[in-house]
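What follows is one structure encoded as structure tokens, with my remarks underneath.
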Amino acid sequence: MKLLKWIAEENLWNIWVPKAYNGLELPLTEGLHKLKELAQIDGSLGWTITLCSGANYFIGNLKPETAERVFLTETGNTILGGSGGMFGTAEKTDDHYILNGTWKYGTGAPYLTHFTLNAKITKKGKELLNNDGSAQFRSFVIPKQAVTVIDDWQTMGLQATATCSFSVEKYRTHQDNSFIYNEFQLPHAIFKINFSVFADLTLWINYIGMGLHYLEEAVNILESEQLKIFKENLDKAETQLFTIAAEIEKQTASEKTIHLKRISEIHQTASGSVKQLSGQIISLHPLLGIRAARKEHPLNQVFRDYFTATQHHIFTR
């Protein structure tokens, strides 16, 4: 509870939220530095704040009246979080939807004030399709009272993230509580960033932060020469990430659109970097001795947190 109180006092859930909605309104680069710092302190801390502040980022997608209600009226300290998976349905009824389903991987589930989720749109029980044959879907933000949290987060690492499943049964919500994740309603520069790029960068910095923590602990056991290549690749990854972040900030400031090819290149760079760091940690860990195998040792925790984080679908594709 002390940690949750500190996060709230530092307003870390609202890294990307505009000041008009009681947020920090940090630019991309500054926010990424903050996420690196948190992940370097503790993997679960960085991961939880990254995913939940990333959900609060959806304020940019909400209608202004919905954003005002969710962030200024309903709670004193709004914490969004949820699932990016398509695990449920939304039955269309006039200007409302009836939500049903069970969604996996809701980071911070016990701490949230609102849940975000994706649902396939149905009408009279039949899935609605787009012109290309794909399923129509929308994203929703609903209060925690509409959700049943399922305590099923039993992993080797990131345990404090409480990334639980949650279910919703026959919950009726107005269409104003739905949104399209890549259509923005607020004019701030941060919301002009392609969401795939935003997700890649905010997750990538967590792997770098945890890698830096691993390095901090490993230097107490291994010779600097044994860690040289790992340190060089961490430095390279950090330089690459912040170079890309500066590029994106410059493009959004000049109202330029990032091309699909560049979006793919950024993803490949981030994914390749994480794979490289992962391979080096795997090669280093057997050299650290039995101390690093003890549950109470920081290296053991960082190892477990890091490789639990690598299972996020963005970097396993």
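Naming scheme: A, B, ... for chains in displayed order of the structure tokens; residues 1 onward per chain; ligands 1 onward as shown.
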
Residues within 6 Å of range 210-215 of chain A, only C-alpha atoms, excluding chain neighbours under 5 positions, as a PyMOL selection string: chain A and resi 39-40+43

Per-residue DSSP, range 72-267 of chain A, filtered to strand (DSSP E or B), as a ChimeraX atom specification: /A:80-93,96-106,114-123,126-127,129,135,137-143,148-150,164-174,178-179

8 Å contact set for range 46-55 of chain A, only C-alpha atoms, chain neighbours under 2 positions out, as a ChimeraX atom specification: /A:12-16,35-44,57-58,79-82,107-108,116,158,161,199,202-203,206

Contact residues around Leu227 in chain A with only C-alpha atoms at 9 Å, ignoring same-chain residues under 6 positions, as a list in words: Leu215, Ala218, Val219 and Leu284 of chain A

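Those residues that approach Asp176 in chain A to within 12 Å, counting only C-alpha atoms, are Asn61, Leu62, Lys63, Pro64, Glu65, Thr66, Ala67, Arg69, Val70, Asp95, His96, Tyr97, Arg138, Ser139, Phe140, Val141, Ile142, Arg172, Thr173, His174, Ser178, Phe179 and Ile180 of chain A; same-chain residues fewer than 2 positions away are not listed.
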
Among listed residues A:Gln136, A:Ser273, A:Asn56, A:Thr155, nearest Gln311 in chain A (using only C-alpha atoms): A:Thr155

Backbone DSSP call of helix (DSSP H, G or I) for range 19-58 of chain A, listed as a ChimeraX atom specification: /A:19-21,28-41,43-58

Got time to write the residues from that selection, C-alpha atoms, as a CSV table (one decimal), in the first residue's frame?
chain,number,residue,atom,x,y,z
A,19,LYS,CA,-2.3,18.6,-17.2
A,20,ALA,CA,-5.9,19.7,-17.8
A,21,TYR,CA,-6.9,16.3,-16.6
A,28,LEU,CA,7.7,11.2,-25.2
A,29,THR,CA,11.5,11.3,-24.5
A,30,GLU,CA,11.0,12.5,-20.9
A,31,GLY,CA,8.4,9.9,-20.2
A,32,LEU,CA,10.6,7.1,-21.6
A,33,HIS,CA,13.4,8.2,-19.3
A,34,LYS,CA,11.1,8.0,-16.3
A,35,LEU,CA,10.0,4.5,-17.3
A,36,LYS,CA,13.6,3.4,-17.7
A,37,GLU,CA,14.4,4.7,-14.2
A,38,LEU,CA,11.4,2.8,-12.7
A,39,ALA,CA,12.2,-0.5,-14.5
A,40,GLN,CA,15.8,-0.2,-13.4
A,41,ILE,CA,14.7,0.1,-9.8
A,43,GLY,CA,10.9,-4.8,-12.9
A,44,SER,CA,7.3,-5.1,-11.5
A,45,LEU,CA,7.3,-1.4,-10.7
A,46,GLY,CA,8.4,-0.3,-14.2
A,47,TRP,CA,6.1,-2.8,-15.9
A,48,THR,CA,3.0,-1.9,-13.9
A,49,ILE,CA,3.4,1.8,-14.4
A,50,THR,CA,4.2,1.3,-18.1
A,51,LEU,CA,1.1,-0.7,-18.8
A,52,CYS,CA,-1.2,1.3,-16.6
A,53,SER,CA,0.0,4.7,-17.7
A,54,GLY,CA,-0.2,3.2,-21.2
A,55,ALA,CA,-3.9,2.5,-20.6
A,56,ASN,CA,-4.3,6.0,-19.2
A,57,TYR,CA,-2.9,7.2,-22.5
A,58,PHE,CA,-6.2,6.1,-24.0

All residues 12 Å or closer to Gly76 in chain A, only C-alpha atoms, same chain fewer than 6 positions away omitted, as a list in words: Ala8, Glu9, Asn11, Tyr21, Asn22, Gly23, Glu68, Arg69, Val70 and Thr113 of chain A

Separation of CA of Leu234 in chain A from CA of Leu277 in chain A in Å: 7.4 Å

Surrounding residues of range 129-133 of chain A excluding itself and chain neighbours under 6 positions, 10 Å, only C-alpha atoms, as a ChimeraX atom specification: /A:120-122

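CA of Pro286 in chain A sits 11.6 Å away from CA of Leu299 in chain A.
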
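Between CA of Glu183 in chain A and CA of Gly84 in chain A the interatomic distance comes to 16.0 Å.
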